[in-house]
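So the structure is just underneath, and the comments pick up after that.
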Amino acid sequence: MASLEEQLELIQSGTAEIVPLADLKKKLAEGRPLRVKLGVDPTAPDLHLGHAVPLRKLRQFQDLGHVVVLIIGDFTARIGDPSGRNTTRPALSPEQISENAATFVAQANKILNPDRTELRWNSEWLSTLDFADVIRLMANFTVAHTLERDDFAKRLAEQKPISLHEILYPAAVAFDSVSVEADVELGGTDQLFNLLAGRELMEKRGMAPQVCLTLPLLEGLDGVQKMSKSYGNYIGLTEGADEMFGKAMSIPDELMIKYFTLATPVAPAEIRQIEAGLRADTLHPNAVKRRLAREIVTLYHDAAAATAAEAAFDLVFKQHEIPADIPEAKLKDVATPAEDGACYLPALMVACKLASSASEARRLIDGGGVRLNGEPLAKGVYQYQPAALVGVVLQVGKRKFIRLL
């Protein structure tokens, strides 16, 4: 196992806050594998690099010899956690929870070492509590303290409702920590209240309280909003290597070091060298960004895929050529001709998964983002005869291509 100093350097890298740091040092000094907890409610099936930030930190703990306890909140997902929101988050159905959880675990294992991961479901202990147990659990917390949560306080100030079941959420996830005897719990900066609730409950139960470690939110490709599918500024963990590399190359220069720190396995000492090189102008930002893109693609695919993705990127962006290996689709399978025989291109783009809706496809066409054999389409023209589409390459944006047959 690494020395105490080496462990602290790696653990502290990229963290927002460790509460209290002194307790973490004491736990590490014991020389035993710590139980490091992350609780996730399976609210969405697909993960992106923002979701991967705490998973990357968990993997660092694993590489240091510690054990990860990944708790799937199949029970708490029925409550809905409003953390970081100004409104109640909708509860999920059991079917949605089960489907999302299966996908989450498969994607999380792209990062975590399954041999050092203890996978738990909080229905194991929360579903066994009767009403008397819940009353005794809630007696450990006060209403005044619970309402100090930023999101609750804001909703009160705006006279927006807070349901009683939402107040149960911090107590429920605190009981998770008690049930798995967590030494450390990870979460985003918007989860600190819940993490501290776990620490408080463990102390009241006479247990060694957990250390609370928070991680910053990762801005998306726009450099402004946090990474989110709803903002369209994300890099998905299951995206193809070419798409992933191309998106990584659009990361704002000022965020490269943050991405190296939060989204790659590059050691902190090497990241400091990269940062120093950028400041001294001894490293070119484009070369650094290429390294970043390769690291990300290698993490979720492999080194060969990263090399191929970089070559494909250069083919499109530097040589302005259409990649040789692109998907193909038969026009008769993806287009439904109108009575006059013309094809409605927005519907065809949706069928080819080049746009999520016909309205989005029309916006892309009108904005000059759609090309046929490299030529941009005219604004407002959506109908094309099949003969004009057969054998051409339909391109959307800079990285999406399909050859129509």
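Here's how to read the names in the structure tokens: chain A, B, ... by the order shown, residue numbers from 1 in each chain, ligand numbers from 1 in the order shown.
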Could you list, as an NGL selection string, every residue within 10 Å of Ile402 (chain A), counting only C-alpha atoms and ignoring same-chain residues fewer than 5 positions away? :A and (325-329 or 349 or 352-354 or 372 or 392-396)
Filtered DSSP result for region 95-310 of chain A, state helix (DSSP H, G or I), as a PyMOL selection string: chain A and resi 95-108+114-116+123-126+131-138+143-146+150-157+164-180+189-204+241-248+253-263+268-279+285-300+303-310
So that I can see what lies close to Leu164 (chain A), please list as a ChimeraX atom specification the residues with an atom at most 12 Å from it, counting only C-alpha atoms and leaving out residues fewer than 2 positions away in the same chain. /A:79-80,88,138,143,146-147,152,161-162,166-170
Sort by chain and increasing residue number a table of all residues of region 33-59 of chain A within 12 Å of region 239-244 of chain A, each with its closest pair of atoms and their distance in Å to one decimal, counting only C-alpha atoms, and write it as a Markdown table.
| residue | atom | partner | partner_atom | distance |
| --- | --- | --- | --- | --- |
| A:Asp46 | CA | A:Glu239 | CA | 10.1 |
| A:Leu47 | CA | A:Glu239 | CA | 10.0 |
| A:His48 | CA | A:Glu239 | CA | 9.2 |
| A:Leu49 | CA | A:Met244 | CA | 10.5 |
Selection above as a file: N, CA and C atoms, as a PDB file, in the first residue's frame:
ATOM      1  N   ASP A  46     -28.056   6.489 -18.968  1.00  0.00           N
ATOM      2  CA  ASP A  46     -26.781   6.751 -19.636  1.00  0.00           C
ATOM      3  C   ASP A  46     -25.930   7.719 -18.842  1.00  0.00           C
ATOM      4  N   LEU A  47     -24.649   7.388 -18.694  1.00  0.00           N
ATOM      5  CA  LEU A  47     -23.727   8.212 -17.921  1.00  0.00           C
ATOM      6  C   LEU A  47     -22.817   9.014 -18.843  1.00  0.00           C
ATOM      7  N   HIS A  48     -22.350  10.155 -18.332  1.00  0.00           N
ATOM      8  CA  HIS A  48     -21.374  10.961 -19.056  1.00  0.00           C
ATOM      9  C   HIS A  48     -20.190  11.244 -18.146  1.00  0.00           C
ATOM     10  N   LEU A  49     -19.215  11.998 -18.642  1.00  0.00           N
ATOM     11  CA  LEU A  49     -17.996  12.250 -17.868  1.00  0.00           C
ATOM     12  C   LEU A  49     -18.272  12.936 -16.537  1.00  0.00           C
TER      13      LEU A  49
END
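All residues of protein, DNA or RNA that reach within 7 Å of Gly188 (chain A), judged by only C-alpha atoms and not counting those fewer than 2 positions away in the chain, are Asp190, Gln191, Thr214, Leu215, Pro216 and Leu217 of chain A.
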For the residues selected in the previous step, produce a file with all heavy atoms as a PDB file, in the first residue's frame.
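Wrote result-v1.pdb, looks like this:
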ATOM      1  N   ASP A 190     -23.100  19.486  -4.012  1.00  0.00           N
ATOM      2  CA  ASP A 190     -24.502  19.672  -3.646  1.00  0.00           C
ATOM      3  C   ASP A 190     -24.998  18.575  -2.708  1.00  0.00           C
ATOM      4  O   ASP A 190     -26.154  18.631  -2.254  1.00  0.00           O
ATOM      5  CB  ASP A 190     -25.378  19.705  -4.904  1.00  0.00           C
ATOM      6  CG  ASP A 190     -25.246  18.447  -5.759  1.00  0.00           C
ATOM      7  OD1 ASP A 190     -24.282  17.679  -5.538  1.00  0.00           O
ATOM      8  OD2 ASP A 190     -26.086  18.242  -6.641  1.00  0.00           O
ATOM      9  N   GLN A 191     -24.144  17.619  -2.379  1.00  0.00           N
ATOM     10  CA  GLN A 191     -24.544  16.513  -1.502  1.00  0.00           C
ATOM     11  C   GLN A 191     -23.955  16.615  -0.097  1.00  0.00           C
ATOM     12  O   GLN A 191     -24.131  15.706   0.708  1.00  0.00           O
ATOM     13  CB  GLN A 191     -24.107  15.176  -2.129  1.00  0.00           C
ATOM     14  CG  GLN A 191     -24.887  14.790  -3.371  1.00  0.00           C
ATOM     15  CD  GLN A 191     -26.309  14.385  -3.052  1.00  0.00           C
ATOM     16  OE1 GLN A 191     -26.577  13.767  -2.027  1.00  0.00           O
ATOM     17  NE2 GLN A 191     -27.232  14.744  -3.927  1.00  0.00           N
ATOM     18  N   THR A 214     -16.208  15.786  -0.854  1.00  0.00           N
ATOM     19  CA  THR A 214     -17.014  16.301  -1.953  1.00  0.00           C
ATOM     20  C   THR A 214     -16.145  16.615  -3.162  1.00  0.00           C
ATOM     21  O   THR A 214     -14.964  16.949  -3.034  1.00  0.00           O
ATOM     22  CB  THR A 214     -17.793  17.561  -1.545  1.00  0.00           C
ATOM     23  OG1 THR A 214     -16.881  18.601  -1.181  1.00  0.00           O
ATOM     24  CG2 THR A 214     -18.733  17.262  -0.389  1.00  0.00           C
ATOM     25  N   LEU A 215     -16.760  16.509  -4.327  1.00  0.00           N
ATOM     26  CA  LEU A 215     -16.074  16.717  -5.600  1.00  0.00           C
ATOM     27  C   LEU A 215     -16.784  17.813  -6.390  1.00  0.00           C
ATOM     28  O   LEU A 215     -18.016  17.921  -6.341  1.00  0.00           O
ATOM     29  CB  LEU A 215     -16.068  15.424  -6.409  1.00  0.00           C
ATOM     30  CG  LEU A 215     -15.264  14.284  -5.767  1.00  0.00           C
ATOM     31  CD1 LEU A 215     -15.751  12.940  -6.263  1.00  0.00           C
ATOM     32  CD2 LEU A 215     -13.788  14.464  -6.062  1.00  0.00           C
ATOM     33  N   PRO A 216     -16.029  18.620  -7.116  1.00  0.00           N
ATOM     34  CA  PRO A 216     -16.648  19.710  -7.875  1.00  0.00           C
ATOM     35  C   PRO A 216     -17.449  19.183  -9.059  1.00  0.00           C
ATOM     36  O   PRO A 216     -17.209  18.076  -9.549  1.00  0.00           O
ATOM     37  CB  PRO A 216     -15.452  20.534  -8.353  1.00  0.00           C
ATOM     38  CG  PRO A 216     -14.318  19.561  -8.397  1.00  0.00           C
ATOM     39  CD  PRO A 216     -14.562  18.593  -7.277  1.00  0.00           C
ATOM     40  N   LEU A 217     -18.401  19.983  -9.497  1.00  0.00           N
ATOM     41  CA  LEU A 217     -19.152  19.652 -10.698  1.00  0.00           C
ATOM     42  C   LEU A 217     -18.281  19.935 -11.924  1.00  0.00           C
ATOM     43  O   LEU A 217     -17.501  20.882 -11.938  1.00  0.00           O
ATOM     44  CB  LEU A 217     -20.438  20.477 -10.766  1.00  0.00           C
ATOM     45  CG  LEU A 217     -21.422  20.264  -9.602  1.00  0.00           C
ATOM     46  CD1 LEU A 217     -22.602  21.222  -9.734  1.00  0.00           C
ATOM     47  CD2 LEU A 217     -21.905  18.830  -9.543  1.00  0.00           C
TER      48      LEU A 217
END
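Distances here use only C-alpha atoms; by that measure, the residue among A:Leu345, A:Ile257, A:Leu262, A:Ala361 closest to Glu275 (chain A) is A:Ile257.
Across the structure, CA of Thr298 (chain A) and CA of Leu237 (chain A) are spaced 11.5 Å apart.
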Taking the backbone alone, and naming residues the way the document does, which bits of region 148-394 of chain A are strand (DSSP E or B) by DSSP, as a PyMOL selection string? chain A and resi 184-188+211-215+219+226+236+328-329+343-344+370-372+375-376+383-384+393-394
Preceding selection exported with N, CA and C atoms as a JSON list (two decimals), in the first residue's frame:
[["chain", "number", "residue", "atom", "x", "y", "z"],
["A", 184, "VAL", "N", -15.52, 6.46, 4.59],
["A", 184, "VAL", "CA", -15.50, 7.68, 3.78],
["A", 184, "VAL", "C", -16.71, 7.63, 2.88],
["A", 185, "GLU", "N", -17.35, 8.78, 2.67],
["A", 185, "GLU", "CA", -18.43, 8.86, 1.69],
["A", 185, "GLU", "C", -18.13, 9.98, 0.71],
["A", 186, "LEU", "N", -18.36, 9.69, -0.58],
["A", 186, "LEU", "CA", -18.15, 10.66, -1.64],
["A", 186, "LEU", "C", -19.47, 11.22, -2.13],
["A", 187, "GLY", "N", -19.39, 12.44, -2.64],
["A", 187, "GLY", "CA", -20.57, 13.06, -3.26],
["A", 187, "GLY", "C", -20.19, 14.37, -3.90],
["A", 188, "GLY", "N", -21.10, 14.92, -4.68],
["A", 188, "GLY", "CA", -20.89, 16.23, -5.26],
["A", 188, "GLY", "C", -21.00, 17.31, -4.21],
["A", 211, "VAL", "N", -15.82, 10.11, 7.02],
["A", 211, "VAL", "CA", -15.25, 11.34, 6.47],
["A", 211, "VAL", "C", -16.06, 11.70, 5.23],
["A", 212, "CYS", "N", -16.37, 12.97, 5.08],
["A", 212, "CYS", "CA", -17.17, 13.43, 3.95],
["A", 212, "CYS", "C", -16.26, 14.07, 2.90],
["A", 213, "LEU", "N", -16.26, 13.53, 1.70],
["A", 213, "LEU", "CA", -15.40, 14.04, 0.63],
["A", 213, "LEU", "C", -16.29, 14.49, -0.52],
["A", 214, "THR", "N", -16.21, 15.79, -0.85],
["A", 214, "THR", "CA", -17.01, 16.30, -1.95],
["A", 214, "THR", "C", -16.15, 16.61, -3.16],
["A", 215, "LEU", "N", -16.76, 16.51, -4.33],
["A", 215, "LEU", "CA", -16.07, 16.72, -5.60],
["A", 215, "LEU", "C", -16.78, 17.81, -6.39],
["A", 219, "GLU", "N", -17.84, 21.17, -15.63],
["A", 219, "GLU", "CA", -18.49, 21.93, -16.68],
["A", 219, "GLU", "C", -18.47, 21.14, -17.97],
["A", 226, "LYS", "N", -22.94, 23.04, -16.12],
["A", 226, "LYS", "CA", -22.43, 21.73, -15.73],
["A", 226, "LYS", "C", -22.78, 20.73, -16.82],
["A", 236, "GLY", "N", -20.59, 11.21, -23.56],
["A", 236, "GLY", "CA", -21.17, 10.01, -22.98],
["A", 236, "GLY", "C", -20.16, 8.89, -22.85],
["A", 328, "GLU", "N", -23.55, 2.85, -43.04],
["A", 328, "GLU", "CA", -24.33, 2.90, -44.28],
["A", 328, "GLU", "C", -25.79, 2.56, -43.97],
["A", 329, "ALA", "N", -26.69, 3.10, -44.77],
["A", 329, "ALA", "CA", -28.11, 2.81, -44.60],
["A", 329, "ALA", "C", -28.77, 2.77, -45.98],
["A", 343, "CYS", "N", -38.61, 12.57, -50.55],
["A", 343, "CYS", "CA", -38.27, 12.15, -49.18],
["A", 343, "CYS", "C", -38.17, 13.39, -48.28],
["A", 344, "TYR", "N", -38.73, 13.28, -47.09],
["A", 344, "TYR", "CA", -38.66, 14.37, -46.12],
["A", 344, "TYR", "C", -37.37, 14.19, -45.32],
["A", 370, "VAL", "N", -25.94, 20.74, -41.98],
["A", 370, "VAL", "CA", -26.19, 19.47, -42.67],
["A", 370, "VAL", "C", -25.65, 19.59, -44.10],
["A", 371, "ARG", "N", -24.91, 18.54, -44.53],
["A", 371, "ARG", "CA", -24.30, 18.55, -45.86],
["A", 371, "ARG", "C", -24.59, 17.25, -46.59],
["A", 372, "LEU", "N", -24.64, 17.36, -47.90],
["A", 372, "LEU", "CA", -24.70, 16.19, -48.78],
["A", 372, "LEU", "C", -23.45, 16.22, -49.63],
["A", 375, "GLU", "N", -21.54, 19.42, -49.39],
["A", 375, "GLU", "CA", -22.17, 20.69, -49.74],
["A", 375, "GLU", "C", -23.29, 21.00, -48.74],
["A", 376, "PRO", "N", -23.26, 22.20, -48.12],
["A", 376, "PRO", "CA", -24.32, 22.55, -47.16],
["A", 376, "PRO", "C", -25.68, 22.67, -47.83],
["A", 383, "GLN", "N", -37.42, 18.73, -48.68],
["A", 383, "GLN", "CA", -37.88, 17.64, -49.53],
["A", 383, "GLN", "C", -36.85, 17.37, -50.63],
["A", 384, "TYR", "N", -36.49, 16.09, -50.80],
["A", 384, "TYR", "CA", -35.52, 15.70, -51.82],
["A", 384, "TYR", "C", -36.01, 14.45, -52.53],
["A", 393, "VAL", "N", -23.18, 10.95, -49.23],
["A", 393, "VAL", "CA", -22.86, 10.93, -47.80],
["A", 393, "VAL", "C", -23.61, 12.08, -47.14],
["A", 394, "LEU", "N", -24.44, 11.73, -46.19],
["A", 394, "LEU", "CA", -25.18, 12.72, -45.40],
["A", 394, "LEU", "C", -24.37, 13.02, -44.15]]
Any idea what the distance is between CA of His66 (chain A) and CA of Thr238 (chain A)?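 These atoms are spaced 26.9 Å apart.
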Give me, as a count of residues only, all polymer residues having an atom no more than 12 Å from Asn140 (chain A), counting only C-alpha atoms and skipping those fewer than 5 positions away in the same chain. 20
Neighbouring residues of Ile71 (chain A) were defined as those with any atom within 12 Å, considering only C-alpha atoms; residues of the same chain fewer than 5 positions away were excluded. Please report them as a PDB file with C-alpha atoms, in the first residue's frame.
ATOM      1  CA  ARG A  35     -14.662   1.271   3.175  1.00  0.00           C
ATOM      2  CA  VAL A  36     -15.369   4.092   0.733  1.00  0.00           C
ATOM      3  CA  LYS A  37     -19.034   4.647  -0.027  1.00  0.00           C
ATOM      4  CA  LEU A  38     -20.826   6.209  -2.967  1.00  0.00           C
ATOM      5  CA  GLY A  39     -24.608   6.172  -3.068  1.00  0.00           C
ATOM      6  CA  VAL A  40     -26.291   6.674  -6.433  1.00  0.00           C
ATOM      7  CA  ASP A  41     -29.959   6.819  -7.281  1.00  0.00           C
ATOM      8  CA  PRO A  42     -30.428   5.279 -10.752  1.00  0.00           C
ATOM      9  CA  THR A  76     -34.374   6.084  -2.109  1.00  0.00           C
ATOM     10  CA  ALA A  77     -35.081   6.549  -5.823  1.00  0.00           C
ATOM     11  CA  ALA A 101     -29.551   0.415 -12.352  1.00  0.00           C
ATOM     12  CA  PHE A 104     -25.449   2.171 -14.499  1.00  0.00           C
ATOM     13  CA  VAL A 105     -23.556  -0.787 -13.057  1.00  0.00           C
ATOM     14  CA  ALA A 108     -19.565   2.073 -13.795  1.00  0.00           C
ATOM     15  CA  THR A 117     -16.249  -3.220  -5.398  1.00  0.00           C
ATOM     16  CA  GLU A 118     -18.971  -4.217  -2.980  1.00  0.00           C
ATOM     17  CA  LEU A 119     -22.280  -3.666  -4.778  1.00  0.00           C
ATOM     18  CA  ARG A 120     -25.224  -3.074  -2.441  1.00  0.00           C
ATOM     19  CA  TRP A 121     -28.862  -2.035  -2.828  1.00  0.00           C
ATOM     20  CA  ASN A 122     -30.289   0.146  -0.076  1.00  0.00           C
ATOM     21  CA  SER A 123     -33.595  -1.695  -0.214  1.00  0.00           C
ATOM     22  CA  GLU A 124     -31.660  -4.404   1.701  1.00  0.00           C
ATOM     23  CA  TRP A 125     -32.038  -2.413   4.914  1.00  0.00           C
ATOM     24  CA  VAL A 173     -29.038   7.961   3.022  1.00  0.00           C
ATOM     25  CA  PHE A 175     -28.835   5.119   7.449  1.00  0.00           C
ATOM     26  CA  ASP A 176     -27.069   3.735   4.368  1.00  0.00           C
ATOM     27  CA  SER A 177     -23.748   4.820   5.877  1.00  0.00           C
ATOM     28  CA  SER A 179     -25.650  -0.055   7.441  1.00  0.00           C
ATOM     29  CA  VAL A 180     -22.422  -0.464   5.459  1.00  0.00           C
ATOM     30  CA  ALA A 182     -18.621   3.554   5.801  1.00  0.00           C
ATOM     31  CA  GLU A 185     -18.427   8.858   1.690  1.00  0.00           C
ATOM     32  CA  LEU A 186     -18.146  10.659  -1.644  1.00  0.00           C
TER      33      LEU A 186
END
Given only C-alpha atoms as the basis, pick out the residue of A:Arg59, A:Arg32, A:Lys110, A:Lys229 nearest to His301 (chain A).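 Distance minimum relative to His301 (chain A) lands on A:Lys110.
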